[in-house]
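start.cif (mmCIF, C-alpha atoms) appears below.
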data_final
#
loop_
_atom_site.group_PDB
_atom_site.id
_atom_site.type_symbol
_atom_site.label_atom_id
_atom_site.label_comp_id
_atom_site.auth_asym_id
_atom_site.auth_seq_id
_atom_site.Cartn_x
_atom_site.Cartn_y
_atom_site.Cartn_z
ATOM 1 C CA MET A 1 -6.765 -13.074 -54.897
ATOM 2 C CA MET A 2 -10.304 -11.874 -55.606
ATOM 3 C CA MET A 3 -13.356 -14.115 -55.407
ATOM 4 C CA ASP A 4 -16.068 -14.118 -58.070
ATOM 5 C CA LYS A 5 -19.015 -13.897 -55.681
ATOM 6 C CA PRO A 6 -19.960 -10.272 -54.934
ATOM 7 C CA LEU A 7 -20.475 -9.076 -51.377
ATOM 8 C CA PRO A 8 -24.161 -8.696 -50.396
ATOM 9 C CA GLY A 9 -25.946 -5.466 -51.219
ATOM 10 C CA THR A 10 -27.901 -4.752 -48.039
ATOM 11 C CA LEU A 11 -26.702 -3.596 -44.647
ATOM 12 C CA HIS A 12 -28.243 -6.517 -42.772
ATOM 13 C CA GLU A 13 -26.656 -9.049 -45.127
ATOM 14 C CA LEU A 14 -23.268 -7.327 -44.938
ATOM 15 C CA LEU A 15 -23.331 -7.242 -41.141
ATOM 16 C CA ALA A 16 -24.478 -10.880 -40.952
ATOM 17 C CA LEU A 17 -21.628 -11.844 -43.281
ATOM 18 C CA GLY A 18 -19.171 -9.862 -41.138
ATOM 19 C CA LEU A 19 -20.302 -11.656 -37.986
ATOM 20 C CA GLN A 20 -20.205 -15.038 -39.734
ATOM 21 C CA ASP A 21 -16.647 -14.388 -40.913
ATOM 22 C CA VAL A 22 -15.524 -13.206 -37.459
ATOM 23 C CA GLU A 23 -16.832 -16.503 -36.093
ATOM 24 C CA LYS A 24 -14.983 -18.463 -38.797
ATOM 25 C CA VAL A 25 -11.727 -16.735 -37.837
ATOM 26 C CA GLU A 26 -12.415 -17.297 -34.121
ATOM 27 C CA MET A 27 -12.891 -21.001 -34.834
ATOM 28 C CA GLU A 28 -9.604 -21.123 -36.715
ATOM 29 C CA ILE A 29 -7.846 -19.374 -33.823
ATOM 30 C CA ARG A 30 -9.389 -21.836 -31.345
ATOM 31 C CA GLY A 31 -8.224 -24.621 -33.650
ATOM 32 C CA GLY A 32 -4.632 -23.541 -33.133
ATOM 33 C CA ASN A 33 -3.876 -20.939 -35.808
ATOM 34 C CA LYS A 34 -1.494 -18.707 -33.845
ATOM 35 C CA GLY A 35 -0.931 -16.526 -36.897
ATOM 36 C CA LEU A 36 -4.291 -14.775 -36.538
ATOM 37 C CA GLU A 37 -5.834 -12.362 -34.067
ATOM 38 C CA ILE A 38 -9.036 -10.347 -34.129
ATOM 39 C CA ASP A 39 -8.403 -6.701 -33.293
ATOM 40 C CA MET A 40 -11.035 -4.214 -34.398
ATOM 41 C CA SER A 41 -8.405 -1.466 -34.673
ATOM 42 C CA ASN A 42 -6.626 -3.163 -37.619
ATOM 43 C CA TRP A 43 -8.170 -3.683 -41.059
ATOM 44 C CA HIS A 44 -6.010 -6.579 -42.262
ATOM 45 C CA ALA A 45 -2.509 -5.958 -40.939
ATOM 46 C CA VAL A 46 0.582 -8.115 -40.808
ATOM 47 C CA LEU A 47 2.265 -7.470 -37.459
ATOM 48 C CA GLU A 48 5.906 -8.369 -37.221
ATOM 49 C CA ASP A 49 7.411 -9.158 -33.835
ATOM 50 C CA LEU A 50 9.370 -5.932 -33.441
ATOM 51 C CA GLU A 51 8.991 -5.616 -29.673
ATOM 52 C CA GLY A 52 8.833 -9.240 -28.587
ATOM 53 C CA GLU A 53 5.033 -9.186 -28.185
ATOM 54 C CA TYR A 54 4.603 -12.199 -30.448
ATOM 55 C CA ASP A 55 6.822 -15.169 -31.115
ATOM 56 C CA ARG A 56 5.678 -15.099 -34.735
ATOM 57 C CA ILE A 57 4.242 -12.851 -37.447
ATOM 58 C CA VAL A 58 0.529 -12.281 -36.829
ATOM 59 C CA CYS A 59 -2.262 -11.233 -39.173
ATOM 60 C CA SER A 60 -4.430 -8.879 -37.137
ATOM 61 C CA ILE A 61 -7.911 -8.278 -38.550
ATOM 62 C CA CYS A 62 -11.162 -6.479 -37.761
ATOM 63 C CA MET A 63 -14.659 -7.525 -38.842
ATOM 64 C CA ALA A 64 -14.179 -6.085 -42.339
ATOM 65 C CA GLY A 65 -10.725 -7.702 -42.387
ATOM 66 C CA CYS A 66 -12.364 -11.053 -41.678
ATOM 67 C CA VAL A 67 -14.561 -10.459 -44.749
ATOM 68 C CA MET A 68 -11.469 -9.532 -46.767
ATOM 69 C CA ARG A 69 -9.885 -12.820 -45.706
ATOM 70 C CA GLU A 70 -12.874 -15.164 -45.903
ATOM 71 C CA GLU A 71 -14.834 -13.727 -48.833
ATOM 72 C CA LEU A 72 -12.342 -11.764 -50.920
ATOM 73 C CA GLY A 73 -9.440 -14.183 -50.576
ATOM 74 C CA THR A 74 -6.914 -11.865 -48.931
ATOM 75 C CA GLU A 75 -3.892 -13.879 -47.818
ATOM 76 C CA ASP A 76 -2.694 -13.644 -44.207
ATOM 77 C CA ASP A 77 0.716 -12.280 -45.190
ATOM 78 C CA VAL A 78 -0.682 -9.165 -46.912
ATOM 79 C CA ASP A 79 -1.588 -5.740 -45.488
ATOM 80 C CA MET A 80 -4.944 -4.628 -46.937
ATOM 81 C CA MET A 81 -7.421 -1.815 -46.461
ATOM 82 C CA PRO A 82 -10.757 -1.146 -48.172
ATOM 83 C CA ASP A 83 -9.053 1.295 -50.562
ATOM 84 C CA ASP A 84 -7.100 -1.661 -51.972
ATOM 85 C CA PHE A 85 -10.331 -3.128 -53.407
ATOM 86 C CA GLU A 86 -12.588 -2.246 -56.305
ATOM 87 C CA ASN A 87 -15.232 0.428 -55.771
ATOM 88 C CA GLU A 88 -18.219 -1.632 -54.590
ATOM 89 C CA ASP A 89 -16.183 -3.909 -52.344
ATOM 90 C CA ARG A 90 -14.380 -0.889 -50.876
ATOM 91 C CA ILE A 91 -17.684 0.795 -50.098
ATOM 92 C CA LYS A 92 -19.180 -2.344 -48.585
ATOM 93 C CA LEU A 93 -16.111 -2.973 -46.398
ATOM 94 C CA ASP A 94 -16.333 0.602 -45.109
ATOM 95 C CA ALA A 95 -20.046 0.047 -44.411
ATOM 96 C CA ILE A 96 -19.259 -3.104 -42.395
ATOM 97 C CA ASN A 97 -16.744 -1.145 -40.357
ATOM 98 C CA CYS A 98 -19.346 1.528 -39.587
ATOM 99 C CA LEU A 99 -21.973 -1.054 -38.655
ATOM 100 C CA ARG A 100 -19.746 -2.920 -36.179
ATOM 101 C CA THR A 101 -19.553 0.317 -34.144
ATOM 102 C CA GLY A 102 -23.279 1.081 -34.507
ATOM 103 C CA ASP A 103 -22.862 3.952 -36.982
ATOM 104 C CA VAL A 104 -25.844 2.913 -39.094
ATOM 105 C CA SER A 105 -26.335 6.294 -40.772
ATOM 106 C CA ALA A 106 -22.749 6.339 -42.100
ATOM 107 C CA ALA A 107 -23.077 2.748 -43.378
ATOM 108 C CA TYR A 108 -26.353 3.705 -45.053
ATOM 109 C CA GLU A 109 -24.608 6.677 -46.676
ATOM 110 C CA PHE A 110 -21.825 4.418 -47.988
ATOM 111 C CA LEU A 111 -24.268 1.967 -49.510
ATOM 112 C CA TYR A 112 -26.349 4.749 -51.025
ATOM 113 C CA GLU A 113 -23.496 5.030 -53.517
ATOM 114 C CA VAL A 114 -24.211 1.505 -54.826
ATOM 115 C CA ASN A 115 -27.929 1.058 -54.040
ATOM 116 C CA ASP A 116 -30.976 3.151 -54.834
ATOM 117 C CA TYR A 117 -31.748 3.939 -51.209
ATOM 118 C CA ASN A 118 -34.409 6.494 -50.329
ATOM 119 C CA ARG A 119 -33.575 10.191 -50.374
ATOM 120 C CA ASP A 120 -35.726 13.059 -49.148
ATOM 121 C CA GLU A 121 -36.543 16.297 -50.976
ATOM 122 C CA ASN A 122 -33.214 17.773 -49.800
ATOM 123 C CA ASP A 123 -31.349 14.786 -51.320
ATOM 124 C CA GLU A 124 -30.467 13.459 -47.874
ATOM 125 C CA ASP A 125 -30.610 9.813 -46.893
ATOM 126 C CA ILE A 126 -33.665 8.519 -45.101
ATOM 127 C CA CYS A 127 -32.457 5.819 -42.733
ATOM 128 C CA THR A 128 -35.085 4.353 -40.429
ATOM 129 C CA VAL A 129 -32.684 2.513 -38.095
ATOM 130 C CA ALA A 130 -31.064 4.617 -35.373
ATOM 131 C CA ASP A 131 -27.365 4.832 -34.657
ATOM 132 C CA ARG A 132 -26.280 3.246 -31.411
ATOM 133 C CA ARG A 133 -23.122 2.395 -29.533
ATOM 134 C CA ILE A 134 -22.082 -1.260 -29.862
ATOM 135 C CA VAL A 135 -19.992 -2.668 -27.023
ATOM 136 C CA GLU A 136 -16.396 -3.147 -28.123
ATOM 137 C CA TYR A 137 -15.376 -6.650 -29.183
ATOM 138 C CA CYS A 138 -12.196 -6.525 -27.090
ATOM 139 C CA LYS A 139 -14.183 -5.697 -23.935
ATOM 140 C CA ASP A 140 -17.102 -8.112 -24.280
ATOM 141 C CA VAL A 141 -17.157 -10.595 -27.171
ATOM 142 C CA VAL A 142 -20.501 -12.106 -26.132
ATOM 143 C CA GLY A 143 -22.107 -8.681 -25.673
ATOM 144 C CA PHE A 144 -20.670 -7.479 -28.994
ATOM 145 C CA LYS A 145 -22.162 -10.428 -30.854
ATOM 146 C CA LYS A 146 -25.520 -10.068 -29.086
ATOM 147 C CA GLU A 147 -25.767 -6.397 -30.030
ATOM 148 C CA ILE A 148 -24.641 -7.101 -33.602
ATOM 149 C CA ARG A 149 -27.346 -9.783 -33.945
ATOM 150 C CA GLU A 150 -29.965 -7.345 -32.622
ATOM 151 C CA LEU A 151 -28.840 -4.733 -35.143
ATOM 152 C CA ILE A 152 -28.968 -7.291 -37.968
ATOM 153 C CA GLY A 153 -32.592 -7.994 -37.008
ATOM 154 C CA GLU A 154 -33.519 -4.302 -36.995
ATOM 155 C CA LEU A 155 -31.830 -3.694 -40.332
ATOM 156 C CA LYS A 156 -33.534 -6.725 -41.868
ATOM 157 C CA GLU A 157 -36.931 -5.615 -40.534
ATOM 158 C CA ALA A 158 -36.349 -2.171 -42.086
ATOM 159 C CA GLY A 159 -35.451 -3.788 -45.406
ATOM 160 C CA ILE A 160 -31.952 -2.332 -45.547
#
Would you write the structure of this file as C-alpha coordinates?
Amino acid sequence: MMMDKPLPGTLHELLALGLQDVEKVEMEIRGGNKGLEIDMSNWHAVLEDLEGEYDRIVCSICMAGCVMREELGTEDDVDMMPDDFENEDRIKLDAINCLRTGDVSAAYEFLYEVNDYNRDENDEDICTVADRRIVEYCKDVVGFKKEIRELIGELKEAGI
(Lines of atoms letter the chains of each structure in order from A and count residues from 1; the text may use other names and numbers.)
(Lines give C-alpha, C1' and ligand atoms only; values in the text may rest on other atoms or scores of the structure.)
Protein backbone atom coordinates (compact mmCIF):
# COMPACT_ATOMS: atom_id res chain seq x y z
CA MET A 1 0.00 0.00 0.00
CA MET A 2 1.54 3.31 -1.06
CA MET A 3 0.70 6.63 0.58
CA ASP A 4 -0.01 9.78 -1.43
CA LYS A 5 2.27 12.08 0.56
CA PRO A 6 5.81 12.14 -0.86
CA LEU A 7 8.83 11.68 1.38
CA PRO A 8 10.67 14.95 2.18
CA GLY A 9 13.28 16.22 -0.24
CA THR A 10 16.10 17.31 2.06
CA LEU A 11 18.53 15.24 4.09
CA HIS A 12 17.65 16.89 7.39
CA GLU A 13 13.92 16.33 6.83
CA LEU A 14 14.47 12.71 5.79
CA LEU A 15 16.61 11.98 8.84
CA ALA A 16 14.14 13.74 11.16
CA LEU A 17 11.33 11.66 9.65
CA GLY A 18 13.39 8.49 10.11
CA LEU A 19 13.98 9.27 13.78
CA GLN A 20 10.32 10.18 14.29
CA ASP A 21 9.23 6.88 12.75
CA VAL A 22 11.73 4.87 14.82
CA GLU A 23 10.21 6.47 17.91
CA LYS A 24 6.68 5.62 16.72
CA VAL A 25 7.69 1.97 16.31
CA GLU A 26 9.44 1.98 19.71
CA MET A 27 6.24 3.29 21.29
CA GLU A 28 4.23 0.54 19.63
CA ILE A 29 6.70 -2.07 20.87
CA ARG A 30 6.51 -0.63 24.40
CA GLY A 31 2.73 -0.75 24.06
CA GLY A 32 2.89 -4.51 23.65
CA ASN A 33 3.30 -5.18 19.92
CA LYS A 34 5.49 -8.30 20.09
CA GLY A 35 5.41 -8.63 16.32
CA LEU A 36 7.92 -5.81 15.80
CA GLU A 37 11.60 -5.29 16.52
CA ILE A 38 14.04 -2.59 15.50
CA ASP A 39 17.22 -4.06 14.04
CA MET A 40 19.31 -1.78 11.86
CA SER A 41 20.63 -4.77 9.90
CA ASN A 42 17.20 -5.56 8.37
CA TRP A 43 15.35 -3.27 5.96
CA HIS A 44 11.80 -4.55 6.52
CA ALA A 45 12.06 -8.30 7.03
CA VAL A 46 9.57 -10.88 8.19
CA LEU A 47 11.44 -13.30 10.45
CA GLU A 48 9.86 -16.68 10.95
CA ASP A 49 10.65 -18.67 14.07
CA LEU A 50 12.89 -21.24 12.42
CA GLU A 51 15.29 -21.71 15.33
CA GLY A 52 13.04 -21.09 18.31
CA GLU A 53 14.34 -17.53 18.84
CA TYR A 54 10.84 -16.08 18.75
CA ASP A 55 7.51 -17.51 19.79
CA ARG A 56 5.91 -15.69 16.86
CA ILE A 57 6.62 -14.18 13.44
CA VAL A 58 8.43 -10.85 13.84
CA CYS A 59 8.75 -7.89 11.49
CA SER A 60 12.32 -6.67 11.92
CA ILE A 61 12.98 -3.16 10.63
CA CYS A 62 15.73 -0.54 10.43
CA MET A 63 15.26 3.24 10.36
CA ALA A 64 14.38 3.22 6.65
CA GLY A 65 12.13 0.22 7.34
CA CYS A 66 10.30 2.29 9.95
CA VAL A 67 9.71 4.91 7.23
CA MET A 68 8.50 2.18 4.87
CA ARG A 69 6.03 1.07 7.53
CA GLU A 70 4.88 4.42 8.90
CA GLU A 71 4.97 6.63 5.80
CA LEU A 72 4.72 4.29 2.82
CA GLY A 73 2.19 1.90 4.32
CA THR A 74 4.23 -1.31 4.18
CA GLU A 75 2.41 -4.05 6.06
CA ASP A 76 4.23 -5.99 8.80
CA ASP A 77 3.85 -9.32 7.01
CA VAL A 78 5.77 -8.22 3.90
CA ASP A 79 9.51 -8.29 3.14
CA MET A 80 10.53 -4.99 1.52
CA MET A 81 13.70 -3.24 0.43
CA PRO A 82 14.22 0.19 -1.15
CA ASP A 83 14.40 -1.43 -4.61
CA ASP A 84 10.75 -2.45 -4.17
CA PHE A 85 9.69 1.23 -4.30
CA GLU A 86 9.44 3.82 -7.04
CA ASN A 87 12.57 5.74 -7.99
CA GLU A 88 12.39 8.76 -5.66
CA ASP A 89 11.24 6.78 -2.64
CA ARG A 90 13.94 4.17 -3.29
CA ILE A 91 16.61 6.86 -3.43
CA LYS A 92 15.34 8.59 -0.29
CA LEU A 93 15.19 5.31 1.67
CA ASP A 94 18.79 4.58 0.67
CA ALA A 95 19.74 8.11 1.78
CA ILE A 96 18.11 7.54 5.19
CA ASN A 97 20.08 4.34 5.58
CA CYS A 98 23.34 6.17 4.82
CA LEU A 99 22.51 8.99 7.22
CA ARG A 100 21.76 6.70 10.19
CA THR A 101 25.38 5.48 9.97
CA GLY A 102 26.81 8.99 9.46
CA ASP A 103 27.64 8.55 5.76
CA VAL A 104 26.48 12.04 4.81
CA SER A 105 28.39 12.21 1.53
CA ALA A 106 26.73 9.03 0.20
CA ALA A 107 23.27 10.29 1.25
CA TYR A 108 24.02 13.60 -0.47
CA GLU A 109 25.03 11.69 -3.61
CA PHE A 110 21.76 9.72 -3.55
CA LEU A 111 19.66 12.84 -3.23
CA TYR A 112 21.61 14.62 -5.94
CA GLU A 113 19.71 12.34 -8.31
CA VAL A 114 16.39 13.96 -7.30
CA ASN A 115 17.48 17.46 -6.18
CA ASP A 116 19.54 20.14 -7.85
CA TYR A 117 22.35 19.99 -5.30
CA ASN A 118 25.58 21.88 -5.90
CA ARG A 119 28.27 20.39 -8.12
CA ASP A 120 31.80 21.66 -8.64
CA GLU A 121 33.61 22.20 -11.95
CA ASN A 122 34.51 18.48 -12.04
CA ASP A 123 30.80 17.57 -11.67
CA GLU A 124 31.37 16.27 -8.14
CA ASP A 125 29.04 16.90 -5.24
CA ILE A 126 29.82 19.71 -2.85
CA CYS A 127 28.63 18.58 0.57
CA THR A 128 29.42 20.91 3.45
CA VAL A 129 28.57 18.48 6.27
CA ALA A 130 31.28 15.97 7.18
CA ASP A 131 30.82 12.23 7.42
CA ARG A 132 31.03 10.82 10.91
CA ARG A 133 30.50 7.57 12.74
CA ILE A 134 27.14 7.34 14.52
CA VAL A 135 26.98 5.02 17.52
CA GLU A 136 25.02 1.88 16.68
CA TYR A 137 21.39 1.78 17.78
CA CYS A 138 21.75 -1.72 19.22
CA LYS A 139 24.66 -0.62 21.44
CA ASP A 140 23.35 2.72 22.72
CA VAL A 141 19.83 3.83 21.80
CA VAL A 142 20.10 7.12 23.71
CA GLY A 143 23.51 7.91 22.21
CA PHE A 144 22.28 6.99 18.72
CA LYS A 145 19.33 9.36 19.00
CA LYS A 146 21.49 12.15 20.43
CA GLU A 147 23.97 11.89 17.56
CA ILE A 148 21.17 11.67 14.99
CA ARG A 149 19.59 14.85 16.41
CA GLU A 150 22.96 16.63 16.24
CA LEU A 151 23.36 15.56 12.62
CA ILE A 152 19.83 16.75 11.79
CA GLY A 153 20.78 20.17 13.20
CA GLU A 154 23.98 20.35 11.14
CA LEU A 155 22.19 19.30 7.97
CA LYS A 156 19.42 21.83 8.56
CA GLU A 157 21.95 24.61 9.21
CA ALA A 158 23.69 23.71 5.93
CA GLY A 159 20.36 23.83 4.10
CA ILE A 160 20.48 20.23 2.94
When you count all atoms listed in the file, which of these residues is closest to Cys62 of chain A: A:Ala158, A:Val129, A:Leu14, A:Cys138? A:Cys138
So which residues get picked by the PyMOL selection byres ((chain A and resi 35) around 8) here, written as number ranges by chain? A: 33-34, 36-37, 56-59
Let's have the selection written as an mmCIF file, in the coordinates of the input, with C-alpha atoms.
data_model
loop_
_atom_site.group_PDB
_atom_site.id
_atom_site.type_symbol
_atom_site.label_atom_id
_atom_site.label_comp_id
_atom_site.auth_asym_id
_atom_site.auth_seq_id
_atom_site.Cartn_x
_atom_site.Cartn_y
_atom_site.Cartn_z
ATOM 1 C CA ASN A 33 -3.876 -20.939 -35.808
ATOM 2 C CA LYS A 34 -1.494 -18.707 -33.845
ATOM 3 C CA LEU A 36 -4.291 -14.775 -36.538
ATOM 4 C CA GLU A 37 -5.834 -12.362 -34.067
ATOM 5 C CA ARG A 56 5.678 -15.099 -34.735
ATOM 6 C CA ILE A 57 4.242 -12.851 -37.447
ATOM 7 C CA VAL A 58 0.529 -12.281 -36.829
ATOM 8 C CA CYS A 59 -2.262 -11.233 -39.173
#
The PyMOL selection byres ((chain A and resi 16) around 12) resolved against shown file, as a VMD selection string: chain A and resid 7 to 15 17 to 23 63 to 64 67 96 99 to 100 145 to 156
For Asp94 of chain A: contacts at 12 Å, all atoms listed in the file, fewer than 3 positions along chain excluded, given as an NGL selection string: :A and (11 or 14-15 or 18 or 43 or 62-65 or 67-68 or 81-85 or 87-91 or 97-101 or 103-104 or 106-111 or 113)
Could you turn the residues from that selection into a file that holds C-alpha atoms, as an mmCIF file, keeping the file's coordinate frame?
data_model
loop_
_atom_site.group_PDB
_atom_site.id
_atom_site.type_symbol
_atom_site.label_atom_id
_atom_site.label_comp_id
_atom_site.auth_asym_id
_atom_site.auth_seq_id
_atom_site.Cartn_x
_atom_site.Cartn_y
_atom_site.Cartn_z
ATOM 1 C CA LEU A 11 -26.702 -3.596 -44.647
ATOM 2 C CA LEU A 14 -23.268 -7.327 -44.938
ATOM 3 C CA LEU A 15 -23.331 -7.242 -41.141
ATOM 4 C CA GLY A 18 -19.171 -9.862 -41.138
ATOM 5 C CA TRP A 43 -8.170 -3.683 -41.059
ATOM 6 C CA CYS A 62 -11.162 -6.479 -37.761
ATOM 7 C CA MET A 63 -14.659 -7.525 -38.842
ATOM 8 C CA ALA A 64 -14.179 -6.085 -42.339
ATOM 9 C CA GLY A 65 -10.725 -7.702 -42.387
ATOM 10 C CA VAL A 67 -14.561 -10.459 -44.749
ATOM 11 C CA MET A 68 -11.469 -9.532 -46.767
ATOM 12 C CA MET A 81 -7.421 -1.815 -46.461
ATOM 13 C CA PRO A 82 -10.757 -1.146 -48.172
ATOM 14 C CA ASP A 83 -9.053 1.295 -50.562
ATOM 15 C CA ASP A 84 -7.100 -1.661 -51.972
ATOM 16 C CA PHE A 85 -10.331 -3.128 -53.407
ATOM 17 C CA ASN A 87 -15.232 0.428 -55.771
ATOM 18 C CA GLU A 88 -18.219 -1.632 -54.590
ATOM 19 C CA ASP A 89 -16.183 -3.909 -52.344
ATOM 20 C CA ARG A 90 -14.380 -0.889 -50.876
ATOM 21 C CA ILE A 91 -17.684 0.795 -50.098
ATOM 22 C CA ASN A 97 -16.744 -1.145 -40.357
ATOM 23 C CA CYS A 98 -19.346 1.528 -39.587
ATOM 24 C CA LEU A 99 -21.973 -1.054 -38.655
ATOM 25 C CA ARG A 100 -19.746 -2.920 -36.179
ATOM 26 C CA THR A 101 -19.553 0.317 -34.144
ATOM 27 C CA ASP A 103 -22.862 3.952 -36.982
ATOM 28 C CA VAL A 104 -25.844 2.913 -39.094
ATOM 29 C CA ALA A 106 -22.749 6.339 -42.100
ATOM 30 C CA ALA A 107 -23.077 2.748 -43.378
ATOM 31 C CA TYR A 108 -26.353 3.705 -45.053
ATOM 32 C CA GLU A 109 -24.608 6.677 -46.676
ATOM 33 C CA PHE A 110 -21.825 4.418 -47.988
ATOM 34 C CA LEU A 111 -24.268 1.967 -49.510
ATOM 35 C CA GLU A 113 -23.496 5.030 -53.517
#
Could you tell me how far atom CA of Glu70 of chain A lies from atom CA of Ser41 of chain A, in Å and to one decimal?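 Interatomic distance, atom CA of Glu70 of chain A to atom CA of Ser41 of chain A: 18.3 Å.
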When you draw a straight line from atom CA of Val46 of chain A to atom CA of Asp76 of chain A, how long is it in Å? 7.3 Å
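The smallest atom-to-atom distance between Thr74 of chain A and any of A:Lys5, A:Arg30, A:His44, A:Lys24, using all atoms listed in the file, is found for A:His44.
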Segment 138-143 of chain A: axis-aligned bounding box, 8 Å on each side, centre and edge lengths in Å, one decimal, as JSON:
{"center_x": -17.2, "center_y": -8.9, "center_z": -25.6, "size_x": 25.9, "size_y": 22.4, "size_z": 19.2}
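Among the candidates A:Ile29, A:Met40, A:Ile160, A:Asp140, the one nearest to Tyr112 of chain A when counting all atoms listed in the file is A:Ile160.
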Distance of atom CA of Gly102 of chain A from atom CA of Val141 of chain A, expressed in Å to one decimal place: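 Going from atom CA of Val141 of chain A over to atom CA of Gly102 of chain A, I get 15.1 Å.
Taking only C-alpha atoms into account, Val78 of chain A lies nearest to A:Ile61 out of the set A:Ala95, A:Met27, A:Ala130, A:Ile61.
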Give the answer as one residue: which of A:Ile134, A:Glu71, A:Asp77, A:Glu157 has the shortest atom-to-atom distance to Pro6 of chain A, using only C-alpha atoms? A:Glu71
Have a look at A:Asp39, A:Leu93, A:Val25, A:Gly73 and name the one nearest to Glu136 of chain A; count all atoms listed in the file.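 Of A:Asp39, A:Leu93, A:Val25, A:Gly73, the one nearest Glu136 of chain A is A:Asp39, counting all atoms listed in the file.
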